[in-house]
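As stored in input-v8.cif (mmCIF, C-alpha atoms and all ligand atoms):
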data_query
#
loop_
_atom_site.label_atom_id
_atom_site.label_comp_id
_atom_site.auth_asym_id
_atom_site.auth_seq_id
_atom_site.Cartn_x
_atom_site.Cartn_y
_atom_site.Cartn_z
CA MET T 78 76.23 112.60 88.98
CA ILE T 79 78.79 113.95 86.52
CA GLU T 80 77.59 114.80 83.00
CA LEU T 81 79.86 115.47 80.07
CA ARG T 82 77.89 117.32 77.41
CA GLY T 83 79.48 117.38 73.97
CA VAL T 84 82.90 118.10 75.40
CA THR T 85 85.73 118.87 72.95
CA LYS T 86 89.34 119.71 73.73
CA THR T 87 91.70 120.96 71.07
CA TYR T 88 95.18 121.77 72.34
CA PRO T 89 97.11 124.72 70.99
CA GLY T 90 98.79 123.40 67.86
CA GLY T 91 95.55 121.97 66.58
CA GLN T 92 95.40 118.46 67.95
CA THR T 93 91.89 117.39 69.00
CA ALA T 94 92.42 115.20 72.05
CA VAL T 95 88.72 114.75 72.86
CA ASN T 96 85.98 115.11 70.29
CA ASN T 97 82.36 115.91 71.20
CA LEU T 98 82.20 113.45 74.09
CA SER T 99 78.94 112.98 75.98
CA LEU T 100 78.84 110.71 79.00
CA ASP T 101 76.70 110.36 82.15
CA ILE T 102 78.76 109.16 85.08
CA ASP T 103 76.71 107.51 87.82
CA ARG T 104 76.88 108.62 91.41
CA GLY T 105 78.36 106.12 93.88
CA ALA T 106 79.73 103.83 91.18
CA ILE T 107 83.04 103.16 89.48
CA THR T 108 83.15 104.36 85.88
CA VAL T 109 86.23 103.31 83.94
CA LEU T 110 87.61 105.16 80.90
CA VAL T 111 89.69 102.69 78.90
CA GLY T 112 91.54 102.97 75.60
CA PRO T 113 95.00 103.01 74.06
CA SER T 114 97.63 105.54 75.10
CA GLY T 115 96.95 108.97 73.63
CA CYS T 116 93.21 108.48 73.12
CA GLY T 117 92.31 111.35 75.45
CA LYS T 118 91.62 109.64 78.77
CA THR T 119 93.71 111.98 80.91
CA THR T 120 92.38 115.03 79.08
CA THR T 121 88.79 113.88 79.71
CA MET T 122 89.48 113.28 83.39
CA ARG T 123 91.20 116.63 83.83
CA MET T 124 88.24 118.46 82.31
CA ILE T 125 86.20 117.12 85.25
CA ASN T 126 88.29 119.00 87.82
CA ARG T 127 89.18 121.92 85.53
CA MET T 128 92.88 121.12 85.32
CA VAL T 129 92.05 121.31 81.60
CA GLU T 130 89.35 123.66 80.26
CA PRO T 131 87.21 122.29 77.40
CA THR T 132 87.36 124.12 74.06
CA SER T 133 83.60 123.61 73.77
CA GLY T 134 80.86 121.72 75.57
CA ALA T 135 80.17 121.58 79.29
CA VAL T 136 80.75 119.45 82.36
CA LEU T 137 78.01 119.35 84.99
CA VAL T 138 78.31 118.04 88.52
CA ASP T 139 74.97 117.50 90.25
CA GLY T 140 73.34 119.58 87.55
CA GLU T 141 75.65 122.57 87.98
CA ASP T 142 78.05 123.71 85.24
CA ILE T 143 81.52 123.48 86.76
CA ALA T 144 82.64 126.48 84.69
CA ASP T 145 80.63 128.54 87.20
CA ARG T 146 82.53 127.17 90.18
CA LYS T 147 85.87 128.30 91.51
CA ALA T 148 88.46 125.83 90.25
CA SER T 149 90.17 125.56 93.63
CA ASP T 150 86.89 124.79 95.45
CA LEU T 151 85.93 122.30 92.79
CA ARG T 152 89.26 120.48 93.07
CA ARG T 153 88.95 120.24 96.81
CA SER T 154 85.71 118.28 96.36
CA MET T 155 87.52 115.76 94.17
CA GLY T 156 90.37 113.47 95.21
CA TYR T 157 92.96 112.92 92.49
CA VAL T 158 95.29 109.93 92.24
CA MET T 159 97.94 109.75 89.53
CA GLN T 160 100.17 107.08 88.11
CA SER T 161 103.26 108.52 89.71
CA SER T 162 102.10 108.87 93.28
CA GLY T 163 102.85 112.63 93.16
CA LEU T 164 103.89 112.61 96.83
CA MET T 165 106.05 115.40 98.17
CA PRO T 166 109.48 113.83 98.66
CA HIS T 167 110.60 115.98 101.60
CA ARG T 168 107.53 115.37 103.71
CA THR T 169 106.74 112.25 105.72
CA VAL T 170 103.98 109.93 104.58
CA LEU T 171 101.72 111.17 107.37
CA ASP T 172 102.27 114.82 106.44
CA ASN T 173 101.63 114.02 102.80
CA ILE T 174 98.25 112.52 103.65
CA ALA T 175 97.41 115.41 105.99
CA THR T 176 98.15 118.11 103.39
CA VAL T 177 94.65 118.76 102.03
CA PRO T 178 92.86 118.66 105.41
CA ARG T 179 95.49 121.16 106.65
CA LEU T 180 94.72 123.40 103.65
CA ASN T 181 91.05 123.10 104.57
CA GLY T 182 91.85 124.45 108.03
CA VAL T 183 91.81 121.23 110.04
CA PRO T 184 94.16 121.60 113.08
CA ARG T 185 97.50 119.80 112.71
CA LYS T 186 96.85 117.22 115.42
CA ASP T 187 93.42 116.24 114.07
CA ALA T 188 94.75 116.07 110.53
CA ARG T 189 97.52 113.71 111.63
CA THR T 190 95.13 111.51 113.60
CA ARG T 191 92.91 111.24 110.55
CA ALA T 192 95.97 110.52 108.40
CA SER T 193 96.99 107.58 110.64
CA GLU T 194 93.47 106.17 110.40
CA LEU T 195 93.65 106.43 106.63
CA LEU T 196 96.96 104.55 106.56
CA GLU T 197 95.13 101.65 108.11
CA VAL T 198 92.18 102.02 105.76
CA VAL T 199 94.47 101.57 102.75
CA GLY T 200 96.22 98.62 104.37
CA LEU T 201 99.52 100.16 105.49
CA ALA T 202 101.24 99.64 108.86
CA PRO T 203 101.09 102.71 111.16
CA ASP T 204 104.90 103.02 111.48
CA LEU T 205 105.19 103.67 107.71
CA GLY T 206 103.69 107.10 108.45
CA ARG T 207 107.05 108.39 109.70
CA ARG T 208 108.91 107.38 106.55
CA TYR T 209 109.56 109.45 103.45
CA PRO T 210 107.98 108.46 100.11
CA ALA T 211 111.29 107.22 98.63
CA GLN T 212 111.51 104.71 101.48
CA LEU T 213 108.35 102.93 100.29
CA SER T 214 107.79 100.43 97.50
CA GLY T 215 105.87 101.52 94.40
CA GLY T 216 102.74 99.72 95.58
CA GLN T 217 102.96 101.31 99.03
CA GLN T 218 103.38 104.75 97.48
CA GLN T 219 100.23 104.24 95.42
CA ARG T 220 98.35 103.27 98.58
CA VAL T 221 99.55 106.51 100.20
CA GLY T 222 98.35 108.35 97.08
CA VAL T 223 94.89 106.83 97.59
CA ALA T 224 94.92 107.71 101.30
CA ARG T 225 95.85 111.30 100.47
CA ALA T 226 93.04 111.57 97.92
CA LEU T 227 90.58 110.29 100.54
CA ALA T 228 91.83 112.56 103.33
CA ALA T 229 89.34 115.36 102.76
CA ASP T 230 86.56 112.78 102.26
CA PRO T 231 85.61 114.10 98.80
CA PRO T 232 82.45 112.70 97.18
CA ILE T 233 84.29 112.24 93.87
CA LEU T 234 87.55 110.38 93.26
CA LEU T 235 89.48 110.77 90.00
CA MET T 236 92.08 108.05 89.43
CA ASP T 237 94.41 108.28 86.42
CA GLU T 238 96.19 104.96 85.78
CA PRO T 239 96.95 104.73 89.50
CA PHE T 240 98.10 101.11 89.32
CA SER T 241 99.75 101.05 85.89
CA ALA T 242 103.36 101.33 87.04
CA VAL T 243 103.32 98.58 89.68
CA ASP T 244 103.94 94.91 88.97
CA PRO T 245 100.96 92.66 88.19
CA VAL T 246 100.80 90.92 91.57
CA VAL T 247 100.73 94.20 93.50
CA ARG T 248 98.34 95.63 90.92
CA GLN T 249 95.87 92.85 91.62
CA GLU T 250 96.13 93.49 95.38
CA LEU T 251 95.49 97.18 94.86
CA GLN T 252 92.47 96.45 92.65
CA GLU T 253 90.98 94.16 95.27
CA GLU T 254 91.66 96.73 97.96
CA LEU T 255 89.93 99.46 95.96
CA LEU T 256 86.84 97.29 95.45
CA ARG T 257 86.78 96.46 99.18
CA LEU T 258 87.09 100.15 100.10
CA GLN T 259 84.42 101.16 97.61
CA ARG T 260 81.91 98.79 99.21
CA ASP T 261 82.03 101.01 102.31
CA MET T 262 82.71 104.38 100.71
CA ALA T 263 80.37 104.31 97.71
CA LYS T 264 82.19 107.28 96.17
CA THR T 265 81.69 108.43 92.61
CA ILE T 266 84.91 107.13 91.07
CA VAL T 267 86.22 107.89 87.59
CA PHE T 268 89.07 105.49 86.88
CA VAL T 269 91.37 105.67 83.85
CA THR T 270 93.32 102.69 82.53
CA HIS T 271 94.71 101.33 79.24
CA ASP T 272 94.15 97.76 80.46
CA ILE T 273 90.82 96.19 79.47
CA ASP T 274 91.27 93.52 82.17
CA GLU T 275 91.54 96.17 84.84
CA ALA T 276 88.58 98.02 83.32
CA THR T 277 86.29 95.00 83.45
CA ILE T 278 87.40 94.00 86.96
CA LEU T 279 86.82 97.43 88.48
CA GLY T 280 84.13 99.10 86.42
CA ASP T 281 80.42 99.16 87.17
CA LYS T 282 80.38 100.81 83.76
CA VAL T 283 83.14 100.99 81.17
CA ALA T 284 83.63 103.67 78.52
CA VAL T 285 85.89 102.48 75.69
CA LEU T 286 87.57 105.42 73.97
CA ASN T 287 89.24 105.49 70.58
CA ILE T 288 91.98 107.91 69.47
CA GLY T 289 90.67 111.48 69.42
CA GLY T 290 88.55 110.86 72.51
CA VAL T 291 85.79 109.28 70.45
CA LEU T 292 83.41 107.17 72.53
CA ALA T 293 83.37 103.67 71.03
CA GLN T 294 81.12 101.98 73.60
CA TYR T 295 79.68 102.74 77.01
CA ALA T 296 78.16 99.80 78.84
CA THR T 297 78.62 97.31 81.65
CA PRO T 298 81.75 95.10 81.47
CA GLU T 299 79.60 92.05 80.72
CA GLU T 300 77.96 93.79 77.80
CA ILE T 301 81.25 94.97 76.36
CA LEU T 302 82.77 91.50 76.55
CA ARG T 303 79.63 89.83 75.20
CA ALA T 304 78.65 92.30 72.49
CA PRO T 305 81.42 94.68 71.43
CA ALA T 306 79.80 97.57 69.53
CA SER T 307 82.39 97.83 66.76
CA ASP T 308 85.47 96.21 65.27
CA PHE T 309 87.58 98.62 67.26
CA VAL T 310 86.05 97.50 70.57
CA ALA T 311 86.20 93.85 69.54
CA GLY T 312 89.86 94.27 68.67
CA PHE T 313 90.65 96.07 71.87
CA VAL T 314 88.80 93.59 74.05
CA GLY T 315 89.89 90.58 72.02
CA ARG T 316 93.51 91.52 71.86
CA ASP T 317 93.81 91.79 75.58
CA ARG T 318 91.75 88.70 76.24
CA GLY T 319 93.93 86.97 73.70
CA PHE T 320 97.10 87.69 75.55
CA ARG T 321 95.75 87.10 79.04
CA HIS T 322 96.83 83.47 78.93
CA LEU T 323 100.16 84.51 77.48
CA SER T 324 101.07 85.72 80.93
CA PHE T 325 103.12 82.58 81.20
CA GLN T 326 104.77 82.97 77.85
CA GLU T 327 108.29 84.27 78.28
CA GLY T 328 109.07 87.34 76.28
CA GLU T 329 111.93 85.72 74.40
CA GLY T 330 112.75 87.29 71.10
CA VAL T 331 111.45 90.72 72.09
CA ARG T 332 113.70 93.18 70.28
CA ILE T 333 115.27 95.88 72.37
CA HIS T 334 115.83 99.11 70.44
CA SER T 335 118.13 101.92 71.41
CA ILE T 336 116.52 104.91 73.01
CA GLN T 337 117.49 108.55 73.47
CA THR T 338 117.91 109.55 77.10
CA ILE T 339 118.61 112.77 78.96
CA GLU T 340 119.71 113.12 82.57
CA VAL T 341 117.13 114.80 84.77
CA ASP T 342 119.80 117.25 85.98
CA ARG T 343 120.23 118.51 82.41
CA LEU T 344 116.54 119.20 81.70
CA GLY T 345 116.97 122.90 82.48
CA ASP T 346 119.90 123.14 80.07
CA PRO T 347 118.60 124.31 76.66
CA ASP T 348 121.71 122.87 74.98
CA ALA T 349 120.99 119.30 76.11
CA ALA T 350 119.97 117.44 72.96
CA VAL T 351 116.37 116.31 72.52
CA THR T 352 116.16 115.16 68.92
CA SER T 353 113.62 112.30 69.14
CA PRO T 354 109.87 112.92 69.33
CA TRP T 355 110.09 111.34 72.79
CA THR T 356 113.21 111.36 74.94
CA LEU T 357 113.43 109.40 78.17
CA ALA T 358 114.69 111.23 81.26
CA VAL T 359 116.86 109.14 83.58
CA ASP T 360 118.40 109.75 87.01
CA ALA T 361 122.15 109.65 87.64
CA GLY T 362 121.90 105.85 88.00
CA GLY T 363 120.26 105.49 84.57
CA ARG T 364 116.83 104.66 85.98
CA PRO T 365 113.76 105.98 84.10
CA GLN T 366 112.02 109.08 85.52
CA GLY T 367 109.55 110.10 82.79
CA TRP T 368 109.31 111.42 79.26
CA VAL T 369 110.17 114.61 77.40
CA PRO T 370 107.95 115.12 74.32
CA GLN T 371 109.98 117.11 71.80
CA ASN T 372 107.12 119.49 71.03
CA ARG T 373 106.90 120.51 74.69
CA ARG T 374 110.65 120.53 75.33
CA SER T 375 110.82 124.15 76.47
CA ALA T 376 108.14 123.62 79.13
CA ILE T 377 110.01 120.71 80.71
CA ARG T 378 112.72 122.03 83.03
CA SER T 379 112.75 119.67 85.98
CA ALA T 380 111.64 116.21 87.05
CA GLY T 381 108.21 117.51 88.10
CA ASP T 382 107.42 118.59 84.51
CA LEU T 383 108.03 115.15 82.97
CA VAL T 384 105.23 113.17 81.36
CA PRO T 385 104.85 110.05 83.56
CA GLY T 386 105.98 106.76 82.08
CA GLY T 387 104.25 103.41 81.95
CA SER T 388 105.10 100.02 83.38
CA LEU T 389 108.61 98.66 82.80
CA TYR T 390 109.81 95.60 80.92
CA ARG T 391 112.64 93.45 82.25
CA ARG T 392 114.31 90.93 80.00
CA GLY T 393 112.78 87.51 80.66
CA ASP T 394 109.43 89.04 81.65
CA THR T 395 106.36 87.71 79.85
CA LEU T 396 105.10 88.98 76.51
CA ARG T 397 102.18 90.36 78.40
CA ARG T 398 104.47 92.55 80.47
CA ALA T 399 106.29 93.65 77.34
CA LEU T 400 103.05 94.62 75.62
CA ASP T 401 101.80 96.32 78.74
CA ALA T 402 104.99 98.40 78.91
CA ALA T 403 104.58 99.48 75.28
CA LEU T 404 100.85 100.23 75.53
CA SER T 405 101.15 102.15 78.77
CA ALA T 406 103.99 104.42 77.62
CA PRO T 407 102.82 107.82 76.35
CA SER T 408 105.49 107.55 73.64
CA GLY T 409 104.34 104.09 72.54
CA LEU T 410 107.85 102.91 73.41
CA GLY T 411 107.96 100.48 76.33
CA VAL T 412 110.98 101.02 78.55
CA ALA T 413 113.21 97.98 79.00
CA VAL T 414 115.39 97.87 82.12
CA ASP T 415 118.01 95.50 83.55
CA ASP T 416 117.85 93.83 86.96
CA GLU T 417 119.07 97.01 88.66
CA GLY T 418 116.31 99.02 87.01
CA ARG T 419 118.67 100.81 84.58
CA VAL T 420 117.35 101.63 81.12
CA VAL T 421 118.66 99.31 78.40
CA GLY T 422 116.36 100.37 75.55
CA SER T 423 112.81 100.29 74.30
CA VAL T 424 110.29 97.70 73.08
CA ARG T 425 107.58 98.29 70.48
CA ALA T 426 103.97 97.18 70.61
CA GLY T 427 103.78 96.19 66.94
CA GLU T 428 106.70 93.79 67.26
CA ILE T 429 105.38 92.28 70.47
CA LEU T 430 101.95 91.76 68.93
CA GLU T 431 103.66 89.90 66.09
CA LEU T 432 105.38 87.59 68.59
CA ILE T 433 102.05 87.03 70.31
CA GLU T 434 100.45 86.24 66.98
CA ASP T 435 103.28 83.78 66.21
CA ALA T 436 102.77 82.10 69.58
CA ARG T 437 99.07 81.77 68.84
CA VAL T 438 99.69 80.23 65.46
CA SER T 439 102.31 77.78 66.69
CA ARG T 440 100.00 76.73 69.49
CA GLY T 441 97.12 76.17 67.09
CA ARG T 442 94.06 78.28 66.67
CA ALA T 443 91.60 75.83 68.26
CA ASN T 444 93.75 75.49 71.32
CA TYR T 445 94.03 79.26 71.53
CA ASN T 446 90.29 79.76 71.32
CA THR T 447 89.53 77.38 74.18
CA ALA T 448 92.21 79.00 76.29
CA VAL T 449 90.50 82.37 76.06
N1 LIG T 501 99.29 119.72 77.31
C1 LIG T 501 99.19 119.21 76.08
N2 LIG T 501 99.54 119.92 74.98
C2 LIG T 501 99.41 119.41 73.74
N3 LIG T 501 98.95 118.18 73.48
C3 LIG T 501 98.59 117.42 74.51
C4 LIG T 501 98.69 117.87 75.87
N4 LIG T 501 98.26 116.88 76.70
C5 LIG T 501 97.90 115.86 75.90
N5 LIG T 501 98.10 116.17 74.59
C6 LIG T 501 97.80 115.30 73.43
O1 LIG T 501 96.42 114.96 73.45
C7 LIG T 501 96.22 113.60 73.12
C8 LIG T 501 95.51 112.90 74.25
O2 LIG T 501 96.37 112.86 75.38
P1 LIG T 501 95.92 112.25 76.78
O3 LIG T 501 94.63 112.85 77.20
O4 LIG T 501 97.07 112.42 77.72
O5 LIG T 501 95.69 110.72 76.42
P2 LIG T 501 95.72 109.38 77.31
O6 LIG T 501 95.58 109.78 78.76
O7 LIG T 501 94.58 108.57 76.81
O8 LIG T 501 97.03 108.70 77.04
C9 LIG T 501 97.61 113.03 72.83
O9 LIG T 501 97.79 113.06 71.44
C10 LIG T 501 98.54 113.98 73.54
O10 LIG T 501 99.80 114.05 72.91
MG MG T 502 96.86 109.42 80.33
#

Would you mind writing the file's structure down as structure tokens?
Ligand SMILES: Nc1ncnc2c1ncn2[C@@H]1O[C@H](COP(=O)(O)OP(=O)(O)O)[C@@H](O)[C@H]1O
Ligand SMILES: [Mg+2]
Amino acid sequence: MIELRGVTKTYPGGQTAVNNLSLDIDRGAITVLVGPSGCGKTTTMRMINRMVEPTSGAVLVDGEDIADRKASDLRRSMGYVMQSSGLMPHRTVLDNIATVPRLNGVPRKDARTRASELLEVVGLAPDLGRRYPAQLSGGQQQRVGVARALAADPPILLMDEPFSAVDPVVRQELQEELLRLQRDMAKTIVFVTHDIDEATILGDKVAVLNIGGVLAQYATPEEILRAPASDFVAGFVGRDRGFRHLSFQEGEGVRIHSIQTIEVDRLGDPDAAVTSPWTLAVDAGGRPQGWVPQNRRSAIRSAGDLVPGGSLYRRGDTLRRALDAALSAPSGLGVAVDDEGRVVGSVRAGEILELIEDARVSRGRANYNTAV
């Protein structure tokens, strides 16, 4: 079991990302942390494997304070899956999966054999093992990310928005696959998402967080849907349930705003302008790579330093996709792209919610309520 005991994290500069959070995370179950972007989900998760040290409070794993354990040992007992698959681009898929077992001293041949088995476990064809990450689809890369996290057979799996950047159909497949895997593995899984649907599908228990890492409710999905503990939870649950059926509603009328971009190659150049609070880094083809927060500009020198982005919005996509893009972006600005995946601008959650509200009203409230 993982216990968070009054954990607080204040980053240099004074912002409290997580405020006095206490949470018991059950062994062998999936616990989901859900909440809007910026509410402290990633910070909370990273305090569990000591990628982030709490300012006060303690984290216990099986009764032992993790502050007393060596961070590297601790991390090896926990698989970590991120939103951007985090795979090493110059290594084959098989070598990527075999990395941690190799670090743990497993001979090369055994590590590769195990890696091929894991490919199958996560539903990938064996011949994909010889490819490089860039030669896989986004969904396939996320599966490789899961396989890599499982390679050392850790008892704990930390998953930070692992499925947020893939399209909804693939996302659903990945969710089903994770539930199927978990039936056999029974790992202790901490799963972060901004999507209440995903939270209620996957979670044995769901922790709803509000901005500042304040715990708004911690209960089973059924309980949260049936009896939200506050207006905030009701709003969060209701809003998403409200737009579930809008999946079919085309996102016409979504305003595309201009957006400041910077080429990834110029990140190391201190003269390259970053004048917005959030600037989007793009590759030479204009495709989105991640975000540069202005207040951390000097620390971001190459693609690996970027803050990962959220899902993308293509013109003609549904309102749901548009809202998802805006809610999943760390900047609060959803990235809009054209058919070739090139950035055309940004979309804003507030405006999309207004369109959703308009659609509700024009459809009639009674009709809307029965649809939910
Ligand atoms: N390394 C950092 N330095 C300063 N502030 C940070 C850092 N990481 C996160 N934050 C801030 O802490 C808050 C919570 O961030 P985060 O835990 O990433 O939220 P979430 O994962 O829910 O989107 C945000 O306001 C974010 O800007
Ligand atoms: Mg996060």

Which residues are near ligand MG 502 (chain T) - at most 9 Å, using only C-alpha atoms and all ligand atoms? Format: as a PDB file with C-alpha atoms, in the frame of the given file.
ATOM      1  CA  SER T 114      97.630 105.540  75.100  1.00  0.00           C
ATOM      2  CA  GLY T 115      96.950 108.970  73.630  1.00  0.00           C
ATOM      3  CA  CYS T 116      93.210 108.480  73.120  1.00  0.00           C
ATOM      4  CA  GLY T 117      92.310 111.350  75.450  1.00  0.00           C
ATOM      5  CA  LYS T 118      91.620 109.640  78.770  1.00  0.00           C
ATOM      6  CA  THR T 119      93.710 111.980  80.910  1.00  0.00           C
ATOM      7  CA  THR T 120      92.380 115.030  79.080  1.00  0.00           C
ATOM      8  CA  MET T 122      89.480 113.280  83.390  1.00  0.00           C
ATOM      9  CA  GLN T 160     100.170 107.080  88.110  1.00  0.00           C
ATOM     10  CA  ASP T 237      94.410 108.280  86.420  1.00  0.00           C
ATOM     11  CA  GLU T 238      96.190 104.960  85.780  1.00  0.00           C
ATOM     12  CA  VAL T 269      91.370 105.670  83.850  1.00  0.00           C
ATOM     13  CA  THR T 270      93.320 102.690  82.530  1.00  0.00           C
ATOM     14  CA  HIS T 271      94.710 101.330  79.240  1.00  0.00           C
ATOM     15  CA  PRO T 385     104.850 110.050  83.560  1.00  0.00           C
ATOM     16  CA  SER T 405     101.150 102.150  78.770  1.00  0.00           C
ATOM     17  CA  PRO T 407     102.820 107.820  76.350  1.00  0.00           C
TER      18      PRO T 407
END

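Distance annotation: of T:Ser162, T:Leu432, T:Arg152, T:Thr121, the residue with the minimal separation from T:Thr87 is T:Thr121; atom set is all atoms listed in the file.
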
### Task
Name all residues at most 9 Å from T:Arg398 (count only C-alpha atoms; drop same-chain ones fewer than 4 positions away) and give them as a list of chain:residue names.
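Result of the neighbour search: T:Asp244, T:Pro245, T:Ser324, T:Gly328, T:Ser388, T:Leu389, T:Tyr390, T:Arg391, T:Asp394, T:Ala402, T:Ala403.
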
### Message
Using only C-alpha atoms, which protein or nucleic acid residues come within 10 Å of T:Ile273? Drop anything in the same chain fewer than 4 positions from it, and give the result as a PyMOL selection string.
### Response
chain T and resi 109-113+277-279+283+285+298+302+313-318

### Query
What's the 7 Å shell around stretch 98-105 of chain T, counting all atoms listed in the file, without same-chain residues fewer than 2 positions away, as a VMD selection string?
chain T and resid 78 to 85 95 to 96 108 263 to 265 291 to 292

#### Entry: Å distance separating atom CA of T:Val310 from atom CA of T:Tyr295, one decimal place
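We find that atom CA of T:Val310 and atom CA of T:Tyr295 lie 10.5 Å from each other.
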
### Message
Residues within 10 Å of T:Asp342, please, as number ranges by chain. Count all atoms listed in the file; anything in the same chain fewer than 3 positions from it doesn't count.
### Response
T: 339, 345-346, 358-361, 378-380

### Summary
Among T:Leu410, T:Val351, T:Met128, T:Val170, T:Pro370 is approached most closely, using all atoms listed in the file, by T:Val351

### Task
Do a neighbour search on T:Asp204 at 12 Å with only C-alpha atoms, toss out local chain neighbours closer than 6 positions, and write the hits as a PyMOL selection string.
chain T and resi 169-171+193-194+196-197+213

## Note on the structure
Between atom CA of T:Ala228 and atom CA of T:Leu195 lies a distance of 7.2 Å

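Among T:Asp382, T:Glu253, T:Glu340, T:Glu417, the residue with the shortest atom-to-atom distance to ligand LIG 501 (chain T), counting all atoms listed in the file, is T:Asp382.
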
### Query
What is the atom CA of T:Pro305-atom CA of T:Gly290 distance in Å, reported with one decimal?
17.7 Å

### Task
Return the single residue from T:Arg260, T:Arg374, T:Arg208, T:Arg225 that is closest to T:Ala106, with distances computed using all atoms listed in the file.
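Answer, going by the shortest atom-to-atom distance: T:Arg260.
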
#### Entry: From T:Val177, T:Ile107, T:Leu286, T:Val221, residue lying nearest T:Leu234 [all atoms listed in the file]
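Closest candidate: T:Ile107.
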
Could you check which residues have any atom within 12 Å of (104.4, 91.2, 68.4), counting only C-alpha atoms with coordinates taken straight from the file, and then list them as a PDB file with C-alpha atoms, in the frame of the given file?
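In the end it all went to part.pdb:
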ATOM      1  CA  ARG T 316      93.510  91.520  71.860  1.00  0.00           C
ATOM      2  CA  PHE T 320      97.100  87.690  75.550  1.00  0.00           C
ATOM      3  CA  GLY T 328     109.070  87.340  76.280  1.00  0.00           C
ATOM      4  CA  GLU T 329     111.930  85.720  74.400  1.00  0.00           C
ATOM      5  CA  GLY T 330     112.750  87.290  71.100  1.00  0.00           C
ATOM      6  CA  VAL T 331     111.450  90.720  72.090  1.00  0.00           C
ATOM      7  CA  ARG T 332     113.700  93.180  70.280  1.00  0.00           C
ATOM      8  CA  LEU T 396     105.100  88.980  76.510  1.00  0.00           C
ATOM      9  CA  ARG T 397     102.180  90.360  78.400  1.00  0.00           C
ATOM     10  CA  ALA T 399     106.290  93.650  77.340  1.00  0.00           C
ATOM     11  CA  LEU T 400     103.050  94.620  75.620  1.00  0.00           C
ATOM     12  CA  ASP T 401     101.800  96.320  78.740  1.00  0.00           C
ATOM     13  CA  ALA T 403     104.580  99.480  75.280  1.00  0.00           C
ATOM     14  CA  VAL T 424     110.290  97.700  73.080  1.00  0.00           C
ATOM     15  CA  ARG T 425     107.580  98.290  70.480  1.00  0.00           C
ATOM     16  CA  ALA T 426     103.970  97.180  70.610  1.00  0.00           C
ATOM     17  CA  GLY T 427     103.780  96.190  66.940  1.00  0.00           C
ATOM     18  CA  GLU T 428     106.700  93.790  67.260  1.00  0.00           C
ATOM     19  CA  ILE T 429     105.380  92.280  70.470  1.00  0.00           C
ATOM     20  CA  LEU T 430     101.950  91.760  68.930  1.00  0.00           C
ATOM     21  CA  GLU T 431     103.660  89.900  66.090  1.00  0.00           C
ATOM     22  CA  LEU T 432     105.380  87.590  68.590  1.00  0.00           C
ATOM     23  CA  ILE T 433     102.050  87.030  70.310  1.00  0.00           C
ATOM     24  CA  GLU T 434     100.450  86.240  66.980  1.00  0.00           C
ATOM     25  CA  ASP T 435     103.280  83.780  66.210  1.00  0.00           C
ATOM     26  CA  ALA T 436     102.770  82.100  69.580  1.00  0.00           C
ATOM     27  CA  ARG T 437      99.070  81.770  68.840  1.00  0.00           C
TER      28      ARG T 437
END

### Task
Using all atoms listed in the file, find the one residue out of T:Thr93, T:Ser353, T:Ser375, T:Ser307 that sits nearest to ligand LIG 501 (chain T).
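Smallest separation from ligand LIG 501 (chain T) among the options: T:Thr93.
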
Fill-in result for stretch 98-107 of chain T, N, CA and C atoms as a PDB file, in the frame of the given file:
ATOM      1  N   LEU T  98      82.476 114.598  73.223  1.00  0.00           N
ATOM      2  CA  LEU T  98      82.200 113.450  74.090  1.00  0.00           C
ATOM      3  C   LEU T  98      81.052 113.755  75.043  1.00  0.00           C
ATOM      4  N   SER T  99      80.041 112.875  75.028  1.00  0.00           N
ATOM      5  CA  SER T  99      78.940 112.980  75.980  1.00  0.00           C
ATOM      6  C   SER T  99      78.882 111.710  76.808  1.00  0.00           C
ATOM      7  N   LEU T 100      78.773 111.872  78.113  1.00  0.00           N
ATOM      8  CA  LEU T 100      78.840 110.710  79.000  1.00  0.00           C
ATOM      9  C   LEU T 100      78.153 111.065  80.317  1.00  0.00           C
ATOM     10  N   ASP T 101      77.276 110.187  80.818  1.00  0.00           N
ATOM     11  CA  ASP T 101      76.700 110.360  82.150  1.00  0.00           C
ATOM     12  C   ASP T 101      77.405 109.417  83.104  1.00  0.00           C
ATOM     13  N   ILE T 102      78.004 109.974  84.127  1.00  0.00           N
ATOM     14  CA  ILE T 102      78.760 109.160  85.080  1.00  0.00           C
ATOM     15  C   ILE T 102      77.947 109.017  86.360  1.00  0.00           C
ATOM     16  N   ASP T 103      77.622 107.764  86.712  1.00  0.00           N
ATOM     17  CA  ASP T 103      76.710 107.510  87.820  1.00  0.00           C
ATOM     18  C   ASP T 103      77.317 107.853  89.170  1.00  0.00           C
ATOM     19  N   ARG T 104      76.458 108.330  90.051  1.00  0.00           N
ATOM     20  CA  ARG T 104      76.880 108.620  91.410  1.00  0.00           C
ATOM     21  C   ARG T 104      77.101 107.297  92.169  1.00  0.00           C
ATOM     22  N   GLY T 105      78.136 107.275  92.999  1.00  0.00           N
ATOM     23  CA  GLY T 105      78.360 106.120  93.880  1.00  0.00           C
ATOM     24  C   GLY T 105      78.841 104.865  93.173  1.00  0.00           C
ATOM     25  N   ALA T 106      79.287 105.000  91.941  1.00  0.00           N
ATOM     26  CA  ALA T 106      79.730 103.830  91.180  1.00  0.00           C
ATOM     27  C   ALA T 106      81.127 104.074  90.626  1.00  0.00           C
ATOM     28  N   ILE T 107      81.748 102.997  90.142  1.00  0.00           N
ATOM     29  CA  ILE T 107      83.040 103.160  89.480  1.00  0.00           C
ATOM     30  C   ILE T 107      82.833 103.160  87.974  1.00  0.00           C
TER      31      ILE T 107
END
